[in-house]
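Trainee: Structure file my_file.txt (compact mmCIF, C-alpha atoms) right here:
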```txt
# COMPACT_ATOMS: atom_id res chain seq x y z
CA MET A 1 7.44 -178.63 81.11
CA THR A 2 8.67 -181.76 79.45
CA THR A 3 9.98 -181.63 75.92
CA ARG A 4 7.57 -182.75 73.23
CA LEU A 5 8.82 -184.88 70.37
CA CYS A 6 6.91 -183.65 67.31
CA ALA A 7 5.75 -185.99 64.59
CA ASP A 8 6.15 -183.42 61.85
CA ALA A 9 7.44 -179.91 61.23
CA ALA A 10 3.92 -178.41 61.22
CA GLU A 11 3.41 -179.57 64.80
CA ALA A 12 6.83 -178.17 65.71
CA VAL A 13 5.90 -174.62 64.65
CA ALA A 14 2.19 -174.71 65.60
CA GLY A 15 0.91 -171.70 67.51
CA ILE A 16 3.46 -169.10 66.35
CA GLN A 17 1.49 -165.83 66.47
CA ASP A 18 1.37 -162.90 64.07
CA GLY A 19 3.78 -160.20 65.28
CA ALA A 20 6.06 -162.71 67.04
CA THR A 21 9.79 -162.18 67.48
CA VAL A 22 11.49 -165.31 66.13
CA LEU A 23 15.14 -166.10 66.86
CA VAL A 24 16.57 -168.18 64.01
CA GLY A 25 19.83 -170.07 64.55
CA GLY A 26 22.54 -170.84 62.05
CA PHE A 27 25.56 -169.18 60.53
CA GLY A 28 25.36 -169.59 56.79
CA MET A 29 23.88 -173.06 56.36
CA ALA A 30 25.67 -174.50 59.41
CA GLY A 31 23.05 -174.97 62.12
CA MET A 32 20.30 -173.41 60.01
CA PRO A 33 16.91 -175.00 60.92
CA VAL A 34 15.75 -175.19 57.31
CA ALA A 35 12.83 -177.57 57.86
CA LEU A 36 11.43 -175.38 60.66
CA ILE A 37 11.68 -172.23 58.52
CA ASP A 38 9.91 -174.03 55.66
CA ALA A 39 7.21 -175.10 58.13
CA LEU A 40 6.87 -171.52 59.40
CA ILE A 41 6.35 -170.39 55.80
CA ARG A 42 3.49 -172.90 55.47
CA GLN A 43 2.14 -172.07 58.95
CA GLY A 44 1.32 -168.53 57.91
CA ALA A 45 2.31 -166.23 60.80
CA GLU A 46 3.08 -162.72 59.55
CA ASP A 47 4.34 -159.33 60.72
CA LEU A 48 7.30 -161.19 62.22
CA THR A 49 10.53 -159.82 63.64
CA ILE A 50 13.38 -162.15 62.71
CA VAL A 51 16.59 -162.21 64.77
CA SER A 52 19.38 -164.09 63.01
CA ASN A 53 22.98 -163.51 61.99
CA ASN A 54 22.06 -162.98 58.33
CA ALA A 55 18.98 -161.95 56.41
CA GLY A 56 18.61 -164.90 54.06
CA ASN A 57 20.43 -166.27 51.04
CA GLY A 58 19.20 -167.24 47.61
CA ASP A 59 15.50 -168.11 47.34
CA THR A 60 15.08 -170.61 50.16
CA GLY A 61 14.79 -170.59 53.95
CA LEU A 62 14.71 -167.09 55.48
CA ALA A 63 14.85 -165.50 52.03
CA ALA A 64 11.65 -167.34 51.06
CA LEU A 65 9.93 -166.14 54.26
CA LEU A 66 11.02 -162.58 53.45
CA ALA A 67 9.86 -162.92 49.84
CA GLU A 68 6.36 -163.79 51.11
CA ARG A 69 6.27 -160.39 52.90
CA ARG A 70 5.86 -162.04 56.27
CA VAL A 71 8.69 -160.20 58.00
CA ARG A 72 8.33 -156.65 59.30
CA LYS A 73 11.82 -156.30 60.74
CA VAL A 74 15.17 -158.07 60.68
CA ILE A 75 17.67 -157.77 63.55
CA CYS A 76 21.00 -159.17 62.36
CA SER A 77 24.73 -158.49 62.10
CA PHE A 78 25.30 -159.08 58.40
CA PRO A 79 22.36 -158.69 55.98
CA ARG A 80 24.43 -158.04 52.85
CA GLN A 81 25.81 -161.10 51.13
CA SER A 82 26.55 -162.08 47.56
CA ASP A 83 23.14 -163.74 47.24
CA SER A 84 20.98 -161.75 49.68
CA TYR A 85 19.00 -160.23 46.78
CA VAL A 86 15.58 -160.85 48.36
CA PHE A 87 16.44 -158.84 51.47
CA ASP A 88 18.35 -156.21 49.45
CA ALA A 89 15.33 -155.50 47.21
CA LEU A 90 12.88 -155.25 50.14
CA TYR A 91 15.26 -152.99 52.07
CA ARG A 92 15.91 -150.67 49.15
CA ALA A 93 12.15 -150.44 48.52
CA GLY A 94 11.65 -149.44 52.18
CA GLU A 95 9.51 -152.51 52.79
CA ILE A 96 11.47 -154.02 55.64
CA GLU A 97 13.06 -152.58 58.78
CA LEU A 98 16.67 -153.38 59.61
CA GLU A 99 18.51 -153.17 62.93
CA VAL A 100 22.20 -153.94 62.45
CA VAL A 101 23.90 -155.20 65.61
CA PRO A 102 27.58 -156.16 66.00
CA GLN A 103 27.74 -159.95 65.98
CA GLY A 104 29.08 -160.35 69.52
CA THR A 105 26.59 -157.83 70.87
CA LEU A 106 23.78 -159.70 69.10
CA ALA A 107 24.81 -162.92 70.85
CA GLU A 108 25.31 -161.21 74.21
CA ARG A 109 21.95 -159.40 74.06
CA MET A 110 20.25 -162.78 73.67
CA ARG A 111 22.45 -164.28 76.37
CA ALA A 112 21.36 -161.46 78.69
CA ALA A 113 17.70 -162.16 77.93
CA GLY A 114 18.16 -165.84 78.76
CA ALA A 115 20.15 -165.08 81.91
CA GLY A 116 17.77 -162.53 83.40
CA ILE A 117 20.14 -159.60 82.96
CA GLY A 118 18.34 -156.25 82.60
CA ALA A 119 20.96 -154.59 80.36
CA PHE A 120 24.75 -154.44 80.13
CA TYR A 121 27.54 -152.02 79.25
CA CYS A 122 29.63 -153.16 76.28
CA PRO A 123 32.72 -151.53 74.72
CA THR A 124 31.84 -152.71 71.20
CA GLY A 125 30.67 -149.98 68.85
CA VAL A 126 31.66 -146.96 70.96
CA GLY A 127 32.13 -143.93 68.71
CA THR A 128 30.50 -145.63 65.72
CA PRO A 129 27.11 -145.01 64.05
CA LEU A 130 25.73 -148.13 65.79
CA ALA A 131 26.10 -146.44 69.21
CA GLU A 132 24.25 -143.28 68.20
CA GLY A 133 21.42 -142.43 70.58
CA LYS A 134 22.53 -145.03 73.11
CA GLU A 135 23.56 -144.28 76.67
CA THR A 136 27.31 -144.48 77.24
CA ARG A 137 29.37 -144.67 80.42
CA VAL A 138 33.10 -144.68 81.14
CA ILE A 139 34.02 -147.66 83.31
CA ASP A 140 37.65 -148.08 84.43
CA GLY A 141 38.69 -145.47 81.91
CA ARG A 142 37.01 -147.17 78.97
CA ALA A 143 33.82 -146.03 77.24
CA HIS A 144 30.94 -148.52 77.08
CA VAL A 145 27.51 -148.52 75.40
CA LEU A 146 24.36 -149.65 77.22
CA GLU A 147 22.79 -152.61 75.43
CA TYR A 148 19.41 -154.17 76.17
CA PRO A 149 18.42 -157.84 75.94
CA ILE A 150 16.78 -159.36 72.87
CA ARG A 151 14.10 -161.81 73.89
CA GLY A 152 12.25 -164.05 71.47
CA ASP A 153 8.71 -165.33 71.56
CA VAL A 154 10.06 -168.31 69.63
CA ALA A 155 13.51 -169.73 68.87
CA LEU A 156 14.03 -172.06 65.92
CA ILE A 157 17.41 -173.77 66.17
CA GLY A 158 19.29 -176.60 64.54
CA ALA A 159 21.19 -179.16 66.63
CA HIS A 160 22.80 -182.51 65.91
CA ARG A 161 21.18 -184.87 68.41
CA ALA A 162 18.57 -184.74 71.15
CA ASP A 163 17.45 -187.19 73.78
CA ARG A 164 13.84 -187.50 74.89
CA MET A 165 14.50 -185.07 77.74
CA GLY A 166 15.35 -182.41 75.14
CA ASN A 167 19.05 -182.33 75.98
CA LEU A 168 20.96 -181.21 72.88
CA VAL A 169 24.39 -181.68 71.42
CA TYR A 170 25.65 -179.83 68.38
CA ARG A 171 28.28 -180.62 65.77
CA LYS A 172 31.35 -178.49 65.07
CA THR A 173 30.68 -174.85 64.06
CA ALA A 174 26.97 -175.62 63.53
CA ARG A 175 26.66 -174.88 67.27
CA ASN A 176 27.01 -171.09 66.71
CA PHE A 177 23.91 -169.23 67.97
CA GLY A 178 21.88 -172.33 68.97
CA PRO A 179 22.78 -172.62 72.67
CA VAL A 180 22.27 -168.89 73.27
CA MET A 181 18.95 -168.66 71.41
CA ALA A 182 17.71 -171.74 73.27
CA THR A 183 17.88 -169.76 76.53
CA ALA A 184 16.30 -166.57 75.19
CA ALA A 185 12.81 -167.47 73.91
CA THR A 186 9.47 -168.47 75.41
CA LEU A 187 8.98 -171.36 72.96
CA VAL A 188 12.14 -173.18 71.86
CA VAL A 189 11.97 -175.59 68.93
CA ALA A 190 14.99 -177.68 67.95
CA GLN A 191 15.40 -179.41 64.62
CA VAL A 192 17.77 -182.37 65.06
CA ARG A 193 19.13 -185.21 62.97
CA GLU A 194 18.32 -187.89 65.51
CA VAL A 195 16.65 -188.45 68.87
CA VAL A 196 18.08 -191.01 71.27
CA GLU A 197 16.59 -192.57 74.39
CA ILE A 198 17.04 -191.01 77.82
CA GLY A 199 20.58 -191.80 78.92
CA GLY A 200 21.78 -191.96 75.33
CA ILE A 201 23.73 -188.71 75.66
CA ASP A 202 26.62 -188.56 78.12
CA PRO A 203 25.52 -185.87 80.65
CA GLU A 204 29.05 -184.42 80.55
CA THR A 205 28.65 -183.61 76.85
CA VAL A 206 25.20 -181.97 76.93
CA VAL A 207 25.50 -178.43 75.54
CA THR A 208 21.88 -177.28 75.85
CA PRO A 209 20.13 -178.86 78.85
CA GLY A 210 16.57 -179.98 78.12
CA ILE A 211 15.05 -177.39 80.49
CA TYR A 212 15.37 -174.86 77.66
CA VAL A 213 13.87 -177.00 74.90
CA ASP A 214 10.10 -177.25 74.40
CA ARG A 215 9.79 -179.13 71.14
CA VAL A 216 12.08 -181.40 69.14
CA PHE A 217 11.60 -182.39 65.52
CA VAL A 218 13.73 -184.95 63.70
CA ASP A 219 14.49 -183.81 60.18
CA GLN A 220 15.61 -186.87 58.29
CA VAL A 221 15.40 -184.89 55.03
CA LEU A 222 18.03 -182.45 56.19
CA GLU A 223 20.28 -185.29 57.25
CA ASP A 224 19.94 -186.88 53.81
CA ARG A 225 20.58 -183.58 52.06
CA VAL A 226 23.63 -182.84 54.18
CA SER A 227 25.15 -186.21 53.53
CA GLN A 228 24.40 -185.92 49.82
CA GLU A 229 26.08 -182.51 49.74
CA ALA A 230 29.03 -183.88 51.64
CA ARG A 231 29.34 -186.66 49.10
CA ALA A 232 28.86 -184.35 46.12
CA CYS A 233 31.59 -181.90 47.16
CA MET B 1 56.13 -152.14 46.77
CA LEU B 2 54.90 -155.42 48.23
CA THR B 3 52.42 -157.91 46.79
CA LYS B 4 49.52 -159.12 48.91
CA HIS B 5 51.38 -162.33 49.71
CA GLN B 6 54.53 -160.42 50.69
CA MET B 7 52.42 -158.32 53.05
CA ALA B 8 50.87 -161.47 54.48
CA ALA B 9 54.32 -163.02 54.98
CA LEU B 10 55.43 -159.91 56.86
CA VAL B 11 52.43 -160.10 59.20
CA ALA B 12 52.96 -163.83 59.72
CA ALA B 13 56.62 -163.25 60.66
CA ASP B 14 55.49 -160.77 63.35
CA ILE B 15 53.07 -163.16 65.04
CA PRO B 16 54.71 -164.63 68.14
CA ARG B 17 54.93 -168.40 68.50
CA GLY B 18 51.88 -169.91 70.16
CA ALA B 19 49.76 -166.77 69.87
CA PHE B 20 45.95 -166.92 69.72
CA VAL B 21 45.01 -165.07 66.54
CA ASN B 22 41.90 -164.12 64.60
CA LEU B 23 42.35 -163.41 60.89
CA GLY B 24 39.61 -161.21 59.41
CA ILE B 25 37.87 -161.94 56.12
CA GLY B 26 39.67 -160.84 52.93
CA LEU B 27 43.35 -159.93 52.79
CA PRO B 28 44.12 -161.14 56.37
CA THR B 29 43.14 -164.74 55.56
CA LEU B 30 46.30 -164.91 53.39
CA VAL B 31 48.39 -164.69 56.58
CA ALA B 32 47.50 -168.32 57.42
CA ASP B 33 49.39 -169.49 54.30
CA HIS B 34 52.60 -167.92 55.63
CA LEU B 35 52.63 -169.19 59.23
CA ALA B 36 55.42 -171.69 59.82
CA ALA B 37 54.20 -175.25 60.29
CA ASP B 38 55.73 -175.32 63.77
CA SER B 39 54.58 -171.81 64.77
CA GLY B 40 52.07 -173.17 67.26
CA VAL B 41 49.79 -170.26 66.38
CA VAL B 42 46.17 -171.09 67.25
CA LEU B 43 43.62 -169.59 64.88
CA HIS B 44 40.26 -168.46 66.28
CA THR B 45 37.20 -168.15 64.09
CA GLU B 46 34.39 -166.11 65.59
CA ASN B 47 31.70 -168.58 64.58
CA GLY B 48 32.94 -170.73 67.43
CA MET B 49 36.24 -172.56 67.04
CA LEU B 50 39.86 -172.53 68.17
CA ASN B 51 42.69 -174.25 66.29
CA MET B 52 41.04 -173.99 62.93
CA GLY B 53 42.90 -175.76 60.12
CA PRO B 54 43.26 -174.91 56.42
CA ALA B 55 40.40 -174.76 53.90
CA ALA B 56 38.69 -178.10 53.27
CA HIS B 57 38.75 -179.74 49.85
CA GLY B 58 36.95 -182.72 48.32
CA GLU B 59 35.97 -185.32 50.88
CA GLN B 60 37.13 -183.11 53.75
CA ILE B 61 34.21 -180.73 53.18
CA ASP B 62 31.72 -180.88 56.06
CA PRO B 63 28.69 -178.54 55.98
CA ASP B 64 28.89 -178.26 59.79
CA LEU B 65 32.44 -176.87 59.72
CA THR B 66 33.08 -173.45 58.19
CA ASN B 67 35.04 -170.32 58.98
CA ALA B 68 33.59 -166.84 59.55
CA GLY B 69 33.53 -166.31 55.78
CA LYS B 70 31.35 -169.47 55.52
CA VAL B 71 34.13 -171.27 53.65
CA PRO B 72 34.47 -174.98 54.55
CA VAL B 73 37.55 -175.51 56.73
CA THR B 74 39.23 -178.31 58.68
CA GLU B 75 40.09 -178.79 62.34
CA LEU B 76 43.57 -179.33 63.77
CA PRO B 77 44.30 -181.68 66.70
CA GLY B 78 43.42 -179.87 69.92
CA ALA B 79 40.60 -177.88 68.31
CA SER B 80 37.62 -176.80 70.41
CA TYR B 81 34.11 -175.60 69.64
CA PHE B 82 31.97 -173.11 71.56
CA HIS B 83 28.85 -171.04 71.00
CA HIS B 84 28.70 -167.48 69.68
CA ALA B 85 28.36 -165.69 73.03
CA ASP B 86 31.44 -167.54 74.36
CA SER B 87 33.34 -166.87 71.15
CA PHE B 88 32.79 -163.12 71.41
CA ALA B 89 33.30 -163.09 75.17
CA MET B 90 36.71 -164.62 74.46
CA MET B 91 37.41 -161.79 72.06
CA ARG B 92 35.93 -158.90 74.05
CA GLY B 93 37.49 -160.21 77.25
CA GLY B 94 40.99 -159.67 75.86
CA HIS B 95 41.95 -163.35 75.59
CA LEU B 96 43.01 -163.19 71.93
CA ASP B 97 46.56 -161.96 71.42
CA ILE B 98 46.23 -160.54 67.92
CA CYS B 99 43.53 -159.76 65.42
CA VAL B 100 44.41 -158.96 61.80
CA LEU B 101 41.80 -156.92 59.93
CA GLY B 102 41.35 -155.31 56.55
CA GLY B 103 40.74 -151.58 56.37
CA PHE B 104 39.13 -148.84 54.27
CA GLN B 105 40.85 -146.16 56.38
CA VAL B 106 42.97 -145.91 59.52
CA SER B 107 43.47 -142.58 61.30
CA ALA B 108 46.67 -141.38 62.91
CA ALA B 109 45.02 -141.94 66.29
CA GLY B 110 44.32 -145.57 65.40
CA ASP B 111 40.63 -145.23 64.56
CA LEU B 112 39.52 -147.89 62.10
CA ALA B 113 36.90 -147.73 59.34
CA ASN B 114 36.33 -151.03 57.57
CA TRP B 115 32.64 -151.94 57.57
CA HIS B 116 30.55 -149.44 55.66
CA THR B 117 31.15 -146.95 52.89
CA GLY B 118 28.28 -144.77 54.13
CA GLU B 119 26.96 -144.42 50.57
CA PRO B 120 23.21 -143.74 50.60
CA ASP B 121 22.33 -146.98 48.77
CA ALA B 122 24.81 -149.19 50.65
CA ILE B 123 23.21 -151.73 52.98
CA PRO B 124 25.03 -151.58 56.32
CA ALA B 125 26.49 -154.95 57.40
CA VAL B 126 28.92 -155.09 60.30
CA GLY B 127 29.30 -158.79 61.16
CA GLY B 128 32.00 -159.19 63.80
CA ALA B 129 34.15 -156.26 62.65
CA MET B 130 33.39 -153.96 65.61
CA ASP B 131 33.84 -156.73 68.18
CA LEU B 132 37.18 -157.73 66.62
CA ALA B 133 38.42 -154.14 66.41
CA ILE B 134 38.11 -153.51 70.15
CA GLY B 135 38.53 -157.03 71.50
CA ALA B 136 41.96 -158.44 70.74
CA ARG B 137 44.97 -157.27 72.77
CA ARG B 138 46.64 -156.03 69.59
CA VAL B 139 45.02 -155.12 66.31
CA PHE B 140 46.97 -155.22 63.05
CA VAL B 141 45.45 -153.79 59.88
CA MET B 142 46.49 -155.01 56.42
CA MET B 143 45.57 -152.76 53.52
CA THR B 144 46.97 -151.04 50.45
CA LEU B 145 48.26 -147.60 51.44
CA PHE B 146 46.41 -145.84 48.63
CA THR B 147 43.04 -146.31 46.96
CA LYS B 148 42.89 -147.17 43.28
CA THR B 149 42.58 -143.44 42.58
CA GLY B 150 45.62 -142.63 44.70
CA GLU B 151 43.94 -141.31 47.85
CA PRO B 152 45.78 -142.18 51.08
CA LYS B 153 44.05 -144.65 53.40
CA LEU B 154 46.19 -143.67 56.42
CA VAL B 155 44.50 -140.37 57.21
CA PRO B 156 44.30 -137.61 59.85
CA ARG B 157 40.61 -138.47 60.45
CA CYS B 158 38.51 -141.23 58.95
CA THR B 159 35.80 -140.00 56.59
CA TYR B 160 34.05 -143.40 56.39
CA PRO B 161 31.83 -144.52 59.31
CA LEU B 162 34.01 -145.86 62.14
CA THR B 163 34.38 -149.47 63.21
CA GLY B 164 36.33 -148.71 66.39
CA LEU B 165 38.06 -145.82 68.15
CA ALA B 166 41.85 -145.78 68.81
CA CYS B 167 42.05 -149.55 68.35
CA VAL B 168 44.74 -150.10 65.70
CA ASP B 169 48.30 -150.83 66.85
CA ARG B 170 50.05 -151.46 63.56
CA VAL B 171 49.30 -150.99 59.86
CA TYR B 172 50.87 -153.22 57.21
CA THR B 173 50.68 -151.75 53.72
CA ASP B 174 52.27 -152.37 50.33
CA HIS B 175 54.55 -149.33 50.81
CA ALA B 176 55.40 -149.33 54.52
CA VAL B 177 54.66 -150.66 57.98
CA PHE B 178 53.45 -148.11 60.55
CA GLU B 179 53.32 -148.34 64.34
CA LEU B 180 50.56 -146.29 65.95
CA GLY B 181 50.73 -145.26 69.58
CA ALA B 182 51.84 -142.65 72.08
CA ARG B 183 54.60 -141.45 69.73
CA GLY B 184 52.13 -140.87 66.92
CA VAL B 185 52.65 -142.59 63.57
CA VAL B 186 56.07 -144.22 63.40
CA VAL B 187 57.37 -145.62 60.10
CA ARG B 188 58.85 -149.00 60.89
CA GLU B 189 59.85 -150.20 57.42
CA THR B 190 59.42 -148.97 53.87
CA PHE B 191 59.32 -150.88 50.61
CA GLY B 192 60.62 -148.77 47.76
CA MET B 193 59.11 -145.44 48.77
CA GLY B 194 61.30 -143.37 51.12
CA VAL B 195 60.05 -141.77 54.34
CA GLU B 196 60.26 -138.30 52.76
CA GLU B 197 58.08 -139.29 49.84
CA LEU B 198 55.64 -141.02 52.22
CA ALA B 199 55.49 -137.84 54.31
CA GLU B 200 54.71 -135.88 51.16
CA ARG B 201 51.92 -138.15 50.01
CA LEU B 202 50.29 -138.68 53.43
CA GLU B 203 48.62 -135.92 55.38
CA VAL B 204 49.60 -137.38 58.74
CA PRO B 205 52.77 -136.40 60.61
CA LEU B 206 55.29 -139.25 60.51
CA SER B 207 58.08 -140.04 62.93
CA GLY B 208 61.23 -141.69 61.56
CA PHE B 209 62.08 -145.33 61.79
CA ALA B 210 61.19 -147.19 64.97
CA SER B 211 63.96 -148.93 66.84
CA ALA B 212 62.03 -152.18 66.97
CA GLU B 213 63.00 -154.70 64.34
CA PRO B 214 60.49 -156.93 62.64
CA GLY B 215 59.93 -160.38 64.05
CA ARG B 216 61.10 -159.49 67.54
CA ASP B 217 57.72 -159.46 69.24
CA GLU B 218 57.52 -161.40 72.45
CA ALA B 219 54.54 -163.64 73.18
```
Could you spell out this file's structure in structure tokens?
Mentor:
Amino acid sequence: MTTRLCADAAEAVAGIQDGATVLVGGFGMAGMPVALIDALIRQGAEDLTIVSNNAGNGDTGLAALLAERRVRKVICSFPRQSDSYVFDALYRAGEIELEVVPQGTLAERMRAAGAGIGAFYCPTGVGTPLAEGKETRVIDGRAHVLEYPIRGDVALIGAHRADRMGNLVYRKTARNFGPVMATAATLVVAQVREVVEIGGIDPETVVTPGIYVDRVFVDQVLEDRVSQEARAC
Amino acid sequence: MLTKHQMAALVAADIPRGAFVNLGIGLPTLVADHLAADSGVVLHTENGMLNMGPAAHGEQIDPDLTNAGKVPVTELPGASYFHHADSFAMMRGGHLDICVLGGFQVSAAGDLANWHTGEPDAIPAVGGAMDLAIGARRVFVMMTLFTKTGEPKLVPRCTYPLTGLACVDRVYTDHAVFELGARGVVVRETFGMGVEELAERLEVPLSGFASAEPGRDEA
């Protein structure tokens, strides 16, 4: 299906169902699709499973979604941060489930989902609490743990630029989980800073081909905020 | 007894020229300050970059460019960017020469514990620690040898939850450098405390000085 250019963030997140698994890109604020998360908060879907590297910071973005009690479970590598107090309180009160996954295994499990791989053996985590209850196998003398794919109903990602075909390029370390999540969900929504005409991105530099991207939303607000922050620092 | 910066300088001196290296969050990040300008060492950050430069200041700060600790950094000429699955494939696939990590405990067999205290109210958070521990060709740990209450951190068996099994090759501490391997725990250098006193305070069997001298690693 062709990529749809959305007029606003509400259109970009329309149709996300209760109980959906939502992959959320970003590493810290780099690549974080803030406008799409804010739109998801307004959209109202609940009982969500969120897959992201972290579990929210401060009071905005993912933390705000958590604070509204809309998330049943978080799958992430690093929930605990200096300002992850919203998640911390919910977790300590037993009001949110947590699955901690080593960061590389988290990425690879989504890669496997997007690549049609049924499961894979991975040496990370062998002998640790995170491998408990999982099948292990010795391959070439080294122990491995069997890991299953993580597939999303939706992926919300941040990228730098899109063309009208949905081809995406990223900027610096804001790339992080975006290209992998874009392959691993049924509905993929990209928040970008600008959309260019077809042919406006050199095909040799496309990182995420448009086949993976269903909806694109231009967030001018984010761009303004980023440049303001860059100036302020 | 060495300061943190003296420990970092010692690690930096042992990194071969041109090596691909990941420096973990915390104490290991100090190593970057002690690499010679012409070392050719290429720093990897697991959030998707090779040839990372020093921390960014003032107008250099770019919200799209951070290290694994989410601190704004800079890029050096020849830098490259890649996504998370590629970044960890690079690590797990044995393409990084050295990883330097912090540690809560290291066992005589080279098991590492550095991610979770296991306390009932602690929220587990692993990040990339387990991938780093088993991925790089060689893993160096930098830590104080004793806790603030004097308990050894080089131990017969880790009591904290493990990060990786038999993955640590060398331990740099404020009192000594230890090589771990087929010969058990070998004391390579000491800083003030003699081998006999170390043997008394640690519960792991120690072999005497290694023949290898510091700074003689080959790339």
Trainee: State, in Å with one decimal place, the distance from atom CA of Gly28 of chain A to atom CA of Met165 of chain A.
Mentor: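 Computing it gives 28.2 Å between the two atoms.
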Trainee: Compute the distance from (15.3, -161.6, 61.2) to each atom, counting all atoms listed in the file, keep the residues with any atom at most 9 Å away, and return them as a short mmCIF file (atom, residue, chain, number, x, y, z; two decimals) with C-alpha atoms, keeping the file's coordinate frame; use the coordinates of the file.
Mentor:
```
data_model
loop_
_atom_site.label_atom_id
_atom_site.label_comp_id
_atom_site.auth_asym_id
_atom_site.auth_seq_id
_atom_site.Cartn_x
_atom_site.Cartn_y
_atom_site.Cartn_z
CA THR A 21 9.79 -162.18 67.48
CA VAL A 22 11.49 -165.31 66.13
CA LEU A 23 15.14 -166.10 66.86
CA VAL A 24 16.57 -168.18 64.01
CA LEU A 48 7.30 -161.19 62.22
CA THR A 49 10.53 -159.82 63.64
CA ILE A 50 13.38 -162.15 62.71
CA VAL A 51 16.59 -162.21 64.77
CA SER A 52 19.38 -164.09 63.01
CA ASN A 53 22.98 -163.51 61.99
CA ASN A 54 22.06 -162.98 58.33
CA ALA A 55 18.98 -161.95 56.41
CA GLY A 56 18.61 -164.90 54.06
CA LEU A 62 14.71 -167.09 55.48
CA LEU A 66 11.02 -162.58 53.45
CA VAL A 71 8.69 -160.20 58.00
CA ARG A 72 8.33 -156.65 59.30
CA LYS A 73 11.82 -156.30 60.74
CA VAL A 74 15.17 -158.07 60.68
CA ILE A 75 17.67 -157.77 63.55
CA CYS A 76 21.00 -159.17 62.36
CA LEU A 98 16.67 -153.38 59.61
#
```
Trainee: Residues within 7 Å of Arg137 of chain B, please, as a ChimeraX atom specification. Count only C-alpha atoms; anything in the same chain fewer than 3 positions from it doesn't count.
Mentor: /B:94,96-98
Trainee: With all atoms listed in the file as the basis for distance, which of B:Asn22, B:Ala85, B:Gly69, B:Ala32 is at the shortest distance from Ala112 of chain A?
Mentor: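 Looking at the shortest contact to Ala112 of chain A, the residue is B:Ala85.
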Trainee: Just give me the gap between atom CA of Asn51 of chain B and atom CA of Lys172 of chain A in Å, one decimal is fine.
Mentor: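 Spanning atom CA of Asn51 of chain B to atom CA of Lys172 of chain A is a straight-line distance of 12.2 Å.
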Trainee: Go through chain B and flag each residue having an atom no more than 9 Å from chain A; for those, report the closest pair of atoms plus their distance in Å to one decimal, using only C-alpha atoms, ordered by chain and rising number, as CSV.
Mentor:
```
residue,atom,partner,partner_atom,distance
B:Glu46,CA,A:Gly104,CA,8.8
B:Asn47,CA,A:Asn176,CA,5.7
B:Gly48,CA,A:Thr173,CA,5.8
B:Met49,CA,A:Thr173,CA,6.7
B:His57,CA,A:Cys233,CA,7.9
B:Gly58,CA,A:Cys233,CA,5.5
B:Glu59,CA,A:Cys233,CA,6.7
B:Gln60,CA,A:Ala230,CA,8.4
B:Ile61,CA,A:Ala230,CA,6.3
B:Asp62,CA,A:Ala230,CA,6.0
B:Pro63,CA,A:Ala30,CA,6.1
B:Asp64,CA,A:Ala174,CA,5.0
B:Leu65,CA,A:Thr173,CA,5.1
B:Thr66,CA,A:Thr173,CA,6.5
B:Asn67,CA,A:Thr173,CA,8.1
B:Ala68,CA,A:Phe27,CA,8.4
B:Gly69,CA,A:Gly28,CA,8.9
B:Lys70,CA,A:Gly28,CA,6.1
B:Ser80,CA,A:Lys172,CA,8.4
B:Tyr81,CA,A:Lys172,CA,6.1
B:Phe82,CA,A:Arg175,CA,7.1
B:His83,CA,A:Asn176,CA,4.7
B:His84,CA,A:Asn176,CA,5.0
B:Ala85,CA,A:Ala107,CA,5.0
B:Asp86,CA,A:Ala107,CA,8.8
B:Ser87,CA,A:Gly104,CA,8.0
B:Phe88,CA,A:Gly104,CA,5.0
B:Ala89,CA,A:Gly104,CA,7.6
B:Met91,CA,A:Gly104,CA,8.8
B:Arg92,CA,A:Thr124,CA,7.9
B:Asp121,CA,A:Arg92,CA,7.4
B:Ile123,CA,A:Arg80,CA,6.4
B:Pro124,CA,A:Val100,CA,7.2
B:Ala125,CA,A:Phe78,CA,4.4
B:Val126,CA,A:Ser77,CA,5.7
B:Gly127,CA,A:Ser77,CA,4.7
B:Gly128,CA,A:Gln103,CA,4.8
B:Ala129,CA,A:Pro102,CA,7.4
B:Met130,CA,A:Gly125,CA,5.8
B:Asp131,CA,A:Thr124,CA,5.4
B:Leu132,CA,A:Thr124,CA,8.6
B:Ala133,CA,A:Thr124,CA,8.3
B:Ile134,CA,A:Thr124,CA,6.4
B:Gly135,CA,A:Thr124,CA,8.0
B:Pro161,CA,A:Thr128,CA,6.6
B:Leu162,CA,A:Thr128,CA,5.0
B:Thr163,CA,A:Thr128,CA,6.0
B:Gly164,CA,A:Gly125,CA,6.3
B:Leu165,CA,A:Gly127,CA,6.2
```
Trainee: Pick the closest to Val185 of chain B from B:Val168, B:Val11, B:Ala122, B:Leu23: which is it, counting all atoms listed in the file?
Mentor: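 Closest to Val185 of chain B, using all atoms listed in the file: B:Val168.
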Trainee: Can you pull out every residue within 6 Å of Arg170 of chain B, counting only C-alpha atoms, but drop anything in the same chain fewer than 4 positions away, and send it as a ChimeraX atom specification?
Mentor: /B:140,178-180
Trainee: Check which residues of segment 141-219 of chain A sit at most 9 Å from segment 34-43 of chain A using only C-alpha atoms, and return one row each with the closest pair of atoms and their distance in Å to one decimal, ordered by chain and rising number, as JSON lines.
Mentor:
```
{"residue": "A:Leu156", "atom": "CA", "partner": "A:Leu36", "partner_atom": "CA", "distance": 6.7}
{"residue": "A:Ile157", "atom": "CA", "partner": "A:Leu36", "partner_atom": "CA", "distance": 8.3}
{"residue": "A:Gly158", "atom": "CA", "partner": "A:Val34", "partner_atom": "CA", "distance": 8.2}
{"residue": "A:Val189", "atom": "CA", "partner": "A:Leu36", "partner_atom": "CA", "distance": 8.3}
{"residue": "A:Ala190", "atom": "CA", "partner": "A:Leu36", "partner_atom": "CA", "distance": 8.4}
{"residue": "A:Gln191", "atom": "CA", "partner": "A:Leu36", "partner_atom": "CA", "distance": 6.9}
{"residue": "A:Phe217", "atom": "CA", "partner": "A:Leu36", "partner_atom": "CA", "distance": 8.5}
{"residue": "A:Asp219", "atom": "CA", "partner": "A:Ala35", "partner_atom": "CA", "distance": 6.9}
```
